[in-house]
Structures are given as structure tokens and as C-alpha cells.
Amino acid sequence: MAAAPDEDGAGFSLGAVVRLTGLSEHTIRAWERRYDAVRPARSPKGTRRYRQAEIERLQLLRAAVEAGHRIGDIAALSDREIERRLDALPGPERRP
């Protein structure tokens with residue numbers, strides 16, 4: 001079953017983002033806090049709510065890290081720049 005945003009359209013929960021990206025909650029929170037990699041909205045109760053674009057960025061960042069890039073070196077780059085770096089890689093290291 002695919003994860004979907006809340007019925008009110010407020011975005012995806014952290015648990016859904018974990019399932020969609022394959023990243024752990026700890027990693028997602030660390031990338032947000034340490035590197036400002038994504039900026040999820042917050043619900044009135046303070047829980048993180050992720051938009052589709054943020055999920056796609058986390059997937060892109062994960063692919064880059066798995067290809068050998070350090071998160072600290074790429075987190076501030078635009079999605080397009082990260083894509084260019086991945087596209088320049090040979091073979092299976094290329095982005096998904």
C-alpha cells in the first residue's frame with residue numbers, strides 16, 4: 001500500500017517518509033537539523049509534515065550518499081545540481 005498525505009492535505013508523516021525513502025527517522029531528522037536538507041511544515045501539534053517535493057529531495061540525497069557523496073557536501077546544493085552529479089557517475093551508481 002502506498003503512503004498518502006493526510007486527508008487534510010497537510011503532507012506526509014515522518015513514518016510515511018521513512019517508508020517512501022528507505023531512510024531512518026534518525027537520519028531524516030539529522031539531515032534536517034544539521035544540514036537543513038529539508039524544511040518540513042509543522043502541524044498545530046508540532047509534528048513534521050512533508051510535501052512530495054521534500055520526499056523526492058530526500059530520495060535524491062539518499063541516492064547521492066549511496067553513490068559516495070558526503071551529505072555535508074551536497075545538502076546545500078539544488079536538486080538539479082545533485083542530479084547533475086549523479087548523472088555524471090558511470091553505471092549502477094547513477095540515480096534511480
# chains A, B, ... in the order shown; residues from 1 in each chain; ligands from 1

$ residues_around --residues "region 33-48 of chain A" --least-positions-apart "4" --cutoff "10 Å" --atoms "only C-alpha atoms" --output "list in words"
Ala10, Gly11, Phe12, Ser13, Leu14, Gly15, Thr27, Ile28, Arg29, Ala53, Glu54, Ile55, Arg57, Leu58, Leu61, Ile71, Gly72, Asp73, Ile74, Ala75, Ala76, Leu77 and Ser78 of chain A

$ select_by_dssp --residues "chain A" --states "helix (DSSP H, G or I)" --output "JSON, numbers by chain"
{"A": [14, 15, 16, 17, 18, 19, 20, 21, 25, 26, 27, 28, 29, 30, 31, 32, 33, 34, 35, 52, 53, 54, 55, 56, 57, 58, 59, 60, 61, 62, 63, 64, 65, 66, 71, 72, 73, 74, 79, 80, 81, 82, 83, 84, 85, 86, 87, 91, 92, 93]}

$ write_last_selection --atoms "C-alpha atoms" --output "JSON list (two decimals), in the first residue's frame"
[["chain", "number", "residue", "atom", "x", "y", "z"],
["A", 14, "LEU", "CA", 7.57, 11.10, 9.24],
["A", 15, "GLY", "CA", 6.61, 7.41, 9.30],
["A", 16, "ALA", "CA", 5.33, 7.61, 5.74],
["A", 17, "VAL", "CA", 8.52, 9.38, 4.64],
["A", 18, "VAL", "CA", 10.59, 6.59, 6.22],
["A", 19, "ARG", "CA", 8.68, 4.04, 4.16],
["A", 20, "LEU", "CA", 8.90, 6.08, 0.95],
["A", 21, "THR", "CA", 12.60, 6.95, 1.17],
["A", 25, "GLU", "CA", 13.74, 8.61, 11.26],
["A", 26, "HIS", "CA", 17.07, 9.42, 12.88],
["A", 27, "THR", "CA", 18.74, 10.13, 9.53],
["A", 28, "ILE", "CA", 15.89, 12.31, 8.28],
["A", 29, "ARG", "CA", 15.85, 14.35, 11.50],
["A", 30, "ALA", "CA", 19.66, 14.68, 11.49],
["A", 31, "TRP", "CA", 19.76, 15.83, 7.86],
["A", 32, "GLU", "CA", 17.06, 18.37, 8.66],
["A", 33, "ARG", "CA", 18.72, 19.64, 11.84],
["A", 34, "ARG", "CA", 22.41, 19.51, 10.89],
["A", 35, "TYR", "CA", 22.32, 20.25, 7.17],
["A", 52, "GLN", "CA", 6.04, 15.47, -2.10],
["A", 53, "ALA", "CA", 8.94, 17.69, -3.19],
["A", 54, "GLU", "CA", 10.70, 17.11, 0.13],
["A", 55, "ILE", "CA", 10.27, 13.36, -0.20],
["A", 56, "GLU", "CA", 11.74, 13.48, -3.69],
["A", 57, "ARG", "CA", 14.67, 15.56, -2.40],
["A", 58, "LEU", "CA", 15.34, 13.05, 0.37],
["A", 59, "GLN", "CA", 15.29, 10.23, -2.19],
["A", 60, "LEU", "CA", 17.74, 12.17, -4.33],
["A", 61, "LEU", "CA", 20.01, 12.88, -1.37],
["A", 62, "ARG", "CA", 19.93, 9.22, -0.38],
["A", 63, "ALA", "CA", 20.96, 8.18, -3.89],
["A", 64, "ALA", "CA", 23.83, 10.67, -3.85],
["A", 65, "VAL", "CA", 25.06, 9.49, -0.46],
["A", 66, "GLU", "CA", 24.84, 5.87, -1.57],
["A", 71, "ILE", "CA", 25.77, 14.62, 2.93],
["A", 72, "GLY", "CA", 27.59, 17.68, 4.26],
["A", 73, "ASP", "CA", 28.92, 18.38, 0.78],
["A", 74, "ILE", "CA", 25.63, 18.05, -1.08],
["A", 79, "ASP", "CA", 18.15, 19.27, -6.67],
["A", 80, "ARG", "CA", 19.34, 19.97, -10.20],
["A", 81, "GLU", "CA", 22.99, 20.15, -9.12],
["A", 82, "ILE", "CA", 22.67, 16.88, -7.23],
["A", 83, "GLU", "CA", 21.04, 15.31, -10.30],
["A", 84, "ARG", "CA", 23.95, 16.53, -12.45],
["A", 85, "ARG", "CA", 26.44, 14.93, -10.10],
["A", 86, "LEU", "CA", 24.54, 11.66, -10.17],
["A", 87, "ASP", "CA", 24.14, 11.75, -13.93],
["A", 91, "GLY", "CA", 26.81, 2.65, -14.41],
["A", 92, "PRO", "CA", 24.84, 1.48, -11.37],
["A", 93, "GLU", "CA", 25.77, 4.45, -9.17]]

$ select_by_dssp --residues "region 39-72 of chain A" --states "strand (DSSP E)" --output "PyMOL selection string"
chain A and resi 41-42+48-49
